[in-house]
Amino acid sequence: VSAYVGRPDLAAGLFLLQFIFGVFAGPIWLRVGYRLGKHRTAIIGELVQVAINLGLLAVAPKALPLLLVLTVAQGLAQGSGNLMLRAIVSDVADKQRLETGEDRTGLLFSIFSLTSKAATATAVGVALPLVGALGFRPGAANTAEALLGLKLVFALGPALAHAVSAALLAGFGLDERRHGAIRQALDARDAAGAAPAPAE
């Protein structure tokens, strides 16, 4: 927004707009998740974000309408990952509890949080040197080629990451059907454990 579109005055506002729509999208994705299942919903959310990031390739300098539409769309799409991936972590916790008899929910969510932070740091550590190698210099007068490199990294990097995420989710075996069976087994075991001992 600041360097390529040339509107640094709008950067913070668009960032805030994206997150506002992300909050409002939560209940929408929740309903989709109930209808389609969290597994399919997460895949759909990733593919939607692939499309949005590829749409950034059509953004031109000073072209605010398309950028605004994509910003709102990105906000609406990010609600899927925020909800569905955490729900899937809970499913994994149920599977672990059934297999081991131990509740490791806190540990799994700690790992999820840690890997999310590590991924963000890795993205910055890869993207900034990459755009630098393509000739982009923050706060300086950049060539058209350097700005194009910035746009390509900004659009194609996340698109590729979301596509890989969708592929990983598609191959993830703990779907709604398997989790339903796990929940039934856990409920039966918990009920048996809570039943009073027979009188002698």
# chains A, B, ... in the order shown; residues from 1 in each chain; ligands from 1

$ select_by_dssp --residues "chain A" --states "helix (DSSP H, G or I)" --output "VMD selection string"
chain A and resid 8 to 36 38 to 58 64 to 100 105 to 133 144 to 170 176 to 194

$ residues_around --residues "segment 42-48 of chain A" --least-positions-apart "4" --cutoff "6 Å" --atoms "only C-alpha atoms" --output "PyMOL selection string"
chain A and resi 38+77+80+84+162+166

$ atom_distance --atom1 "atom CA of Pro65 of chain A" --atom2 "atom CA of Ala146 of chain A"
23.3 Å

$ closest_residue --among "A:Asp94, A:Arg137, A:Gly22, A:Val32" --to "Gln184 of chain A" --atoms "only C-alpha atoms"
A:Asp94

$ residues_around --residues "Leu66 of chain A" --least-positions-apart "4" --cutoff "12 Å" --atoms "only C-alpha atoms" --output "list in words"
Val5, Ile52, Gly55, Leu56, Leu57, Ala58, Val59, Ala60, Pro61, Lys62, Leu70, Thr71, Val72 and Ala73 of chain A

$ write_last_selection --atoms "C-alpha atoms" --output "tab-separated table (two decimals), in the first residue's frame"
chain	number	residue	atom	x	y	z
A	5	VAL	CA	0.11	1.69	-4.52
A	52	ILE	CA	-7.62	-13.24	-3.11
A	55	GLY	CA	-6.16	-11.07	-7.28
A	56	LEU	CA	-3.49	-8.73	-5.91
A	57	LEU	CA	-1.60	-9.27	-9.16
A	58	ALA	CA	-4.25	-7.13	-10.87
A	59	VAL	CA	-3.73	-4.19	-8.48
A	60	ALA	CA	-2.06	-1.21	-10.13
A	61	PRO	CA	-0.54	1.91	-8.54
A	62	LYS	CA	-3.25	4.32	-7.37
A	70	LEU	CA	-9.49	-7.40	-1.85
A	71	THR	CA	-8.79	-6.00	1.62
A	72	VAL	CA	-12.38	-6.62	2.71
A	73	ALA	CA	-12.35	-10.07	1.09

$ closest_residue --among "A:Leu107, A:Ala87, A:Ala181, A:Ala123" --to "Ala161 of chain A" --atoms "only C-alpha atoms"
A:Ala123

$ atom_distance --atom1 "atom CA of Gly101 of chain A" --atom2 "atom CA of Ile88 of chain A"
19.0 Å

$ residues_around --residues "Arg86 of chain A" --least-positions-apart "4" --cutoff "9 Å" --atoms "only C-alpha atoms" --output "CSV table (one decimal) with C-alpha atoms, in the first residue's frame"
chain,number,residue,atom,x,y,z
A,81,GLY,CA,-8.4,-20.2,9.6
A,82,ASN,CA,-8.8,-18.4,12.9
A,90,SER,CA,-9.3,-29.6,19.6
A,91,ASP,CA,-10.1,-32.7,17.5
A,109,PHE,CA,-2.6,-25.3,21.7
A,112,PHE,CA,-0.1,-24.3,17.7

$ closest_residue --among "A:Ala12, A:Leu108, A:Val92, A:Leu54" --to "Gly173 of chain A" --atoms "only C-alpha atoms"
A:Val92

$ residues_around --residues "Leu174 of chain A" --least-positions-apart "4" --cutoff "10 Å" --atoms "only C-alpha atoms" --output "PyMOL selection string"
chain A and resi 39+88+91-92+95+169+178-180+182

$ write_last_selection --atoms "all heavy atoms" --output "PDB file, in the first residue's frame"
ATOM      1  N   HIS A  39     -13.279 -29.470   8.613  1.00  0.00           N
ATOM      2  CA  HIS A  39     -12.212 -29.902   7.720  1.00  0.00           C
ATOM      3  C   HIS A  39     -12.395 -29.289   6.331  1.00  0.00           C
ATOM      4  O   HIS A  39     -11.489 -28.650   5.784  1.00  0.00           O
ATOM      5  CB  HIS A  39     -12.219 -31.431   7.673  1.00  0.00           C
ATOM      6  CG  HIS A  39     -11.101 -32.044   6.910  1.00  0.00           C
ATOM      7  ND1 HIS A  39     -11.270 -32.572   5.657  1.00  0.00           N
ATOM      8  CD2 HIS A  39      -9.788 -32.207   7.212  1.00  0.00           C
ATOM      9  CE1 HIS A  39     -10.115 -33.047   5.226  1.00  0.00           C
ATOM     10  NE2 HIS A  39      -9.200 -32.845   6.152  1.00  0.00           N
ATOM     11  N   ILE A  88      -9.778 -27.821  14.799  1.00  0.00           N
ATOM     12  CA  ILE A  88      -9.099 -29.059  14.413  1.00  0.00           C
ATOM     13  C   ILE A  88      -8.070 -29.453  15.470  1.00  0.00           C
ATOM     14  O   ILE A  88      -7.874 -30.643  15.752  1.00  0.00           O
ATOM     15  CB  ILE A  88      -8.474 -28.908  13.013  1.00  0.00           C
ATOM     16  CG1 ILE A  88      -9.582 -28.849  11.960  1.00  0.00           C
ATOM     17  CG2 ILE A  88      -7.517 -30.053  12.711  1.00  0.00           C
ATOM     18  CD1 ILE A  88      -9.112 -28.513  10.560  1.00  0.00           C
ATOM     19  N   ASP A  91      -9.844 -31.316  17.964  1.00  0.00           N
ATOM     20  CA  ASP A  91     -10.100 -32.694  17.516  1.00  0.00           C
ATOM     21  C   ASP A  91      -8.880 -33.570  17.761  1.00  0.00           C
ATOM     22  O   ASP A  91      -9.006 -34.728  18.196  1.00  0.00           O
ATOM     23  CB  ASP A  91     -10.449 -32.703  16.022  1.00  0.00           C
ATOM     24  CG  ASP A  91     -11.782 -32.048  15.724  1.00  0.00           C
ATOM     25  OD1 ASP A  91     -12.495 -31.684  16.679  1.00  0.00           O
ATOM     26  OD2 ASP A  91     -12.103 -31.894  14.529  1.00  0.00           O
ATOM     27  N   VAL A  92      -7.699 -33.029  17.451  1.00  0.00           N
ATOM     28  CA  VAL A  92      -6.465 -33.785  17.685  1.00  0.00           C
ATOM     29  C   VAL A  92      -6.298 -34.074  19.172  1.00  0.00           C
ATOM     30  O   VAL A  92      -5.864 -35.169  19.566  1.00  0.00           O
ATOM     31  CB  VAL A  92      -5.247 -33.010  17.140  1.00  0.00           C
ATOM     32  CG1 VAL A  92      -3.938 -33.707  17.510  1.00  0.00           C
ATOM     33  CG2 VAL A  92      -5.343 -32.857  15.625  1.00  0.00           C
ATOM     34  N   LYS A  95      -8.384 -37.013  20.029  1.00  0.00           N
ATOM     35  CA  LYS A  95      -7.753 -38.255  19.554  1.00  0.00           C
ATOM     36  C   LYS A  95      -6.627 -38.675  20.500  1.00  0.00           C
ATOM     37  O   LYS A  95      -6.500 -39.858  20.843  1.00  0.00           O
ATOM     38  CB  LYS A  95      -7.209 -38.032  18.142  1.00  0.00           C
ATOM     39  CG  LYS A  95      -6.558 -39.259  17.509  1.00  0.00           C
ATOM     40  CD  LYS A  95      -6.178 -38.944  16.060  1.00  0.00           C
ATOM     41  CE  LYS A  95      -5.590 -40.171  15.368  1.00  0.00           C
ATOM     42  NZ  LYS A  95      -4.257 -40.526  15.877  1.00  0.00           N
ATOM     43  N   LEU A 169      -4.282 -29.965   4.414  1.00  0.00           N
ATOM     44  CA  LEU A 169      -5.574 -30.220   5.044  1.00  0.00           C
ATOM     45  C   LEU A 169      -6.350 -31.304   4.304  1.00  0.00           C
ATOM     46  O   LEU A 169      -7.034 -32.125   4.920  1.00  0.00           O
ATOM     47  CB  LEU A 169      -6.400 -28.930   5.096  1.00  0.00           C
ATOM     48  CG  LEU A 169      -5.977 -27.912   6.146  1.00  0.00           C
ATOM     49  CD1 LEU A 169      -6.608 -26.551   5.862  1.00  0.00           C
ATOM     50  CD2 LEU A 169      -6.373 -28.390   7.533  1.00  0.00           C
ATOM     51  N   ARG A 178     -14.372 -39.441  11.386  1.00  0.00           N
ATOM     52  CA  ARG A 178     -13.466 -40.061  12.346  1.00  0.00           C
ATOM     53  C   ARG A 178     -13.558 -39.380  13.704  1.00  0.00           C
ATOM     54  O   ARG A 178     -13.510 -40.043  14.745  1.00  0.00           O
ATOM     55  CB  ARG A 178     -12.028 -40.001  11.828  1.00  0.00           C
ATOM     56  CG  ARG A 178     -11.745 -40.978  10.705  1.00  0.00           C
ATOM     57  CD  ARG A 178     -10.257 -41.128  10.476  1.00  0.00           C
ATOM     58  NE  ARG A 178      -9.594 -41.658  11.659  1.00  0.00           N
ATOM     59  CZ  ARG A 178      -8.284 -41.603  11.848  1.00  0.00           C
ATOM     60  NH1 ARG A 178      -7.500 -41.029  10.955  1.00  0.00           N
ATOM     61  NH2 ARG A 178      -7.742 -42.106  12.945  1.00  0.00           N
ATOM     62  N   HIS A 179     -13.689 -38.054  13.696  1.00  0.00           N
ATOM     63  CA  HIS A 179     -13.780 -37.371  14.981  1.00  0.00           C
ATOM     64  C   HIS A 179     -15.080 -37.729  15.699  1.00  0.00           C
ATOM     65  O   HIS A 179     -15.113 -37.841  16.926  1.00  0.00           O
ATOM     66  CB  HIS A 179     -13.672 -35.852  14.817  1.00  0.00           C
ATOM     67  CG  HIS A 179     -13.744 -35.127  16.116  1.00  0.00           C
ATOM     68  ND1 HIS A 179     -14.820 -34.341  16.479  1.00  0.00           N
ATOM     69  CD2 HIS A 179     -12.883 -35.086  17.176  1.00  0.00           C
ATOM     70  CE1 HIS A 179     -14.610 -33.848  17.683  1.00  0.00           C
ATOM     71  NE2 HIS A 179     -13.455 -34.282  18.131  1.00  0.00           N
ATOM     72  N   GLY A 180     -16.153 -37.908  14.935  1.00  0.00           N
ATOM     73  CA  GLY A 180     -17.414 -38.332  15.554  1.00  0.00           C
ATOM     74  C   GLY A 180     -17.273 -39.661  16.268  1.00  0.00           C
ATOM     75  O   GLY A 180     -17.791 -39.841  17.377  1.00  0.00           O
ATOM     76  N   ILE A 182     -14.491 -40.877  17.473  1.00  0.00           N
ATOM     77  CA  ILE A 182     -13.639 -40.629  18.647  1.00  0.00           C
ATOM     78  C   ILE A 182     -14.453 -40.052  19.787  1.00  0.00           C
ATOM     79  O   ILE A 182     -14.328 -40.465  20.947  1.00  0.00           O
ATOM     80  CB  ILE A 182     -12.475 -39.690  18.265  1.00  0.00           C
ATOM     81  CG1 ILE A 182     -11.465 -40.431  17.375  1.00  0.00           C
ATOM     82  CG2 ILE A 182     -11.779 -39.134  19.515  1.00  0.00           C
ATOM     83  CD1 ILE A 182     -10.424 -39.536  16.743  1.00  0.00           C
TER      84      ILE A 182
END

$ closest_residue --among "A:Ala159, A:Val1, A:Leu98, A:Leu16" --to "Ala188 of chain A" --atoms "only C-alpha atoms"
A:Leu98

$ atom_distance --atom1 "atom CA of Phe172 of chain A" --atom2 "atom CA of Leu85 of chain A"
11.9 Å

$ closest_residue --among "A:Glu99, A:Gly37, A:Ile28, A:Gly125" --to "Ala185 of chain A" --atoms "only C-alpha atoms"
A:Glu99

$ decode --residues "segment 89-167 of chain A" --atoms "C-alpha atoms" --output "JSON list (two decimals), in the first residue's frame"
[["chain", "number", "residue", "atom", "x", "y", "z"],
["A", 89, "VAL", "CA", -6.48, -28.76, 17.17],
["A", 90, "SER", "CA", -9.26, -29.63, 19.62],
["A", 91, "ASP", "CA", -10.10, -32.69, 17.52],
["A", 92, "VAL", "CA", -6.47, -33.79, 17.69],
["A", 93, "ALA", "CA", -6.59, -33.32, 21.46],
["A", 94, "ASP", "CA", -9.62, -35.63, 21.61],
["A", 95, "LYS", "CA", -7.75, -38.25, 19.55],
["A", 96, "GLN", "CA", -4.75, -38.01, 21.88],
["A", 97, "ARG", "CA", -6.95, -38.34, 24.95],
["A", 98, "LEU", "CA", -8.61, -41.47, 23.55],
["A", 99, "GLU", "CA", -5.27, -43.07, 22.64],
["A", 100, "THR", "CA", -3.26, -42.13, 25.73],
["A", 101, "GLY", "CA", -5.84, -41.43, 28.43],
["A", 102, "GLU", "CA", -4.16, -38.04, 29.02],
["A", 103, "ASP", "CA", -5.58, -34.62, 28.28],
["A", 104, "ARG", "CA", -2.94, -32.75, 26.28],
["A", 105, "THR", "CA", -5.16, -29.93, 25.02],
["A", 106, "GLY", "CA", -3.07, -27.20, 26.64],
["A", 107, "LEU", "CA", 0.14, -28.62, 25.21],
["A", 108, "LEU", "CA", -1.30, -28.89, 21.70],
["A", 109, "PHE", "CA", -2.60, -25.33, 21.74],
["A", 110, "SER", "CA", 0.79, -24.14, 23.02],
["A", 111, "ILE", "CA", 2.45, -25.88, 20.08],
["A", 112, "PHE", "CA", -0.11, -24.34, 17.71],
["A", 113, "SER", "CA", 0.59, -20.87, 19.08],
["A", 114, "LEU", "CA", 4.36, -21.35, 18.95],
["A", 115, "THR", "CA", 4.37, -22.64, 15.38],
["A", 116, "SER", "CA", 2.08, -19.78, 14.29],
["A", 117, "LYS", "CA", 4.54, -17.25, 15.69],
["A", 118, "ALA", "CA", 7.47, -19.10, 14.15],
["A", 119, "ALA", "CA", 5.72, -19.09, 10.76],
["A", 120, "THR", "CA", 5.17, -15.33, 10.95],
["A", 121, "ALA", "CA", 8.81, -14.75, 11.83],
["A", 122, "THR", "CA", 9.93, -17.05, 9.01],
["A", 123, "ALA", "CA", 7.71, -15.22, 6.50],
["A", 124, "VAL", "CA", 9.29, -11.90, 7.44],
["A", 125, "GLY", "CA", 12.76, -13.43, 7.39],
["A", 126, "VAL", "CA", 12.21, -14.77, 3.87],
["A", 127, "ALA", "CA", 10.16, -11.96, 2.32],
["A", 128, "LEU", "CA", 12.28, -8.95, 3.30],
["A", 129, "PRO", "CA", 15.60, -10.30, 2.01],
["A", 130, "LEU", "CA", 13.83, -11.54, -1.12],
["A", 131, "VAL", "CA", 12.34, -8.16, -2.05],
["A", 132, "GLY", "CA", 15.71, -6.61, -1.22],
["A", 133, "ALA", "CA", 17.40, -9.01, -3.64],
["A", 134, "LEU", "CA", 14.86, -7.93, -6.26],
["A", 135, "GLY", "CA", 15.99, -4.33, -5.84],
["A", 136, "PHE", "CA", 13.33, -2.92, -3.50],
["A", 137, "ARG", "CA", 14.51, -0.35, -0.95],
["A", 138, "PRO", "CA", 12.03, 0.86, 1.70],
["A", 139, "GLY", "CA", 11.62, 4.63, 1.84],
["A", 140, "ALA", "CA", 13.66, 5.13, -1.33],
["A", 141, "ALA", "CA", 12.76, 5.84, -4.93],
["A", 142, "ASN", "CA", 12.35, 2.37, -6.45],
["A", 143, "THR", "CA", 12.38, 1.30, -10.06],
["A", 144, "ALA", "CA", 9.30, -0.14, -11.73],
["A", 145, "GLU", "CA", 11.02, -3.54, -11.74],
["A", 146, "ALA", "CA", 11.69, -3.38, -8.00],
["A", 147, "LEU", "CA", 8.07, -2.46, -7.29],
["A", 148, "LEU", "CA", 6.87, -5.29, -9.51],
["A", 149, "GLY", "CA", 9.09, -7.67, -7.53],
["A", 150, "LEU", "CA", 7.54, -6.36, -4.32],
["A", 151, "LYS", "CA", 4.04, -7.00, -5.64],
["A", 152, "LEU", "CA", 4.90, -10.49, -6.89],
["A", 153, "VAL", "CA", 6.37, -11.52, -3.53],
["A", 154, "PHE", "CA", 3.46, -9.97, -1.63],
["A", 155, "ALA", "CA", 0.87, -11.74, -3.82],
["A", 156, "LEU", "CA", 2.46, -15.05, -4.80],
["A", 157, "GLY", "CA", 4.14, -15.89, -1.49],
["A", 158, "PRO", "CA", 0.91, -16.09, 0.54],
["A", 159, "ALA", "CA", -0.96, -17.66, -2.40],
["A", 160, "LEU", "CA", 1.58, -20.48, -2.52],
["A", 161, "ALA", "CA", 1.50, -20.90, 1.27],
["A", 162, "HIS", "CA", -2.30, -21.11, 1.34],
["A", 163, "ALA", "CA", -2.27, -23.61, -1.54],
["A", 164, "VAL", "CA", 0.18, -25.82, 0.38],
["A", 165, "SER", "CA", -1.99, -25.47, 3.48],
["A", 166, "ALA", "CA", -5.09, -26.56, 1.53],
["A", 167, "ALA", "CA", -3.20, -29.59, 0.19]]
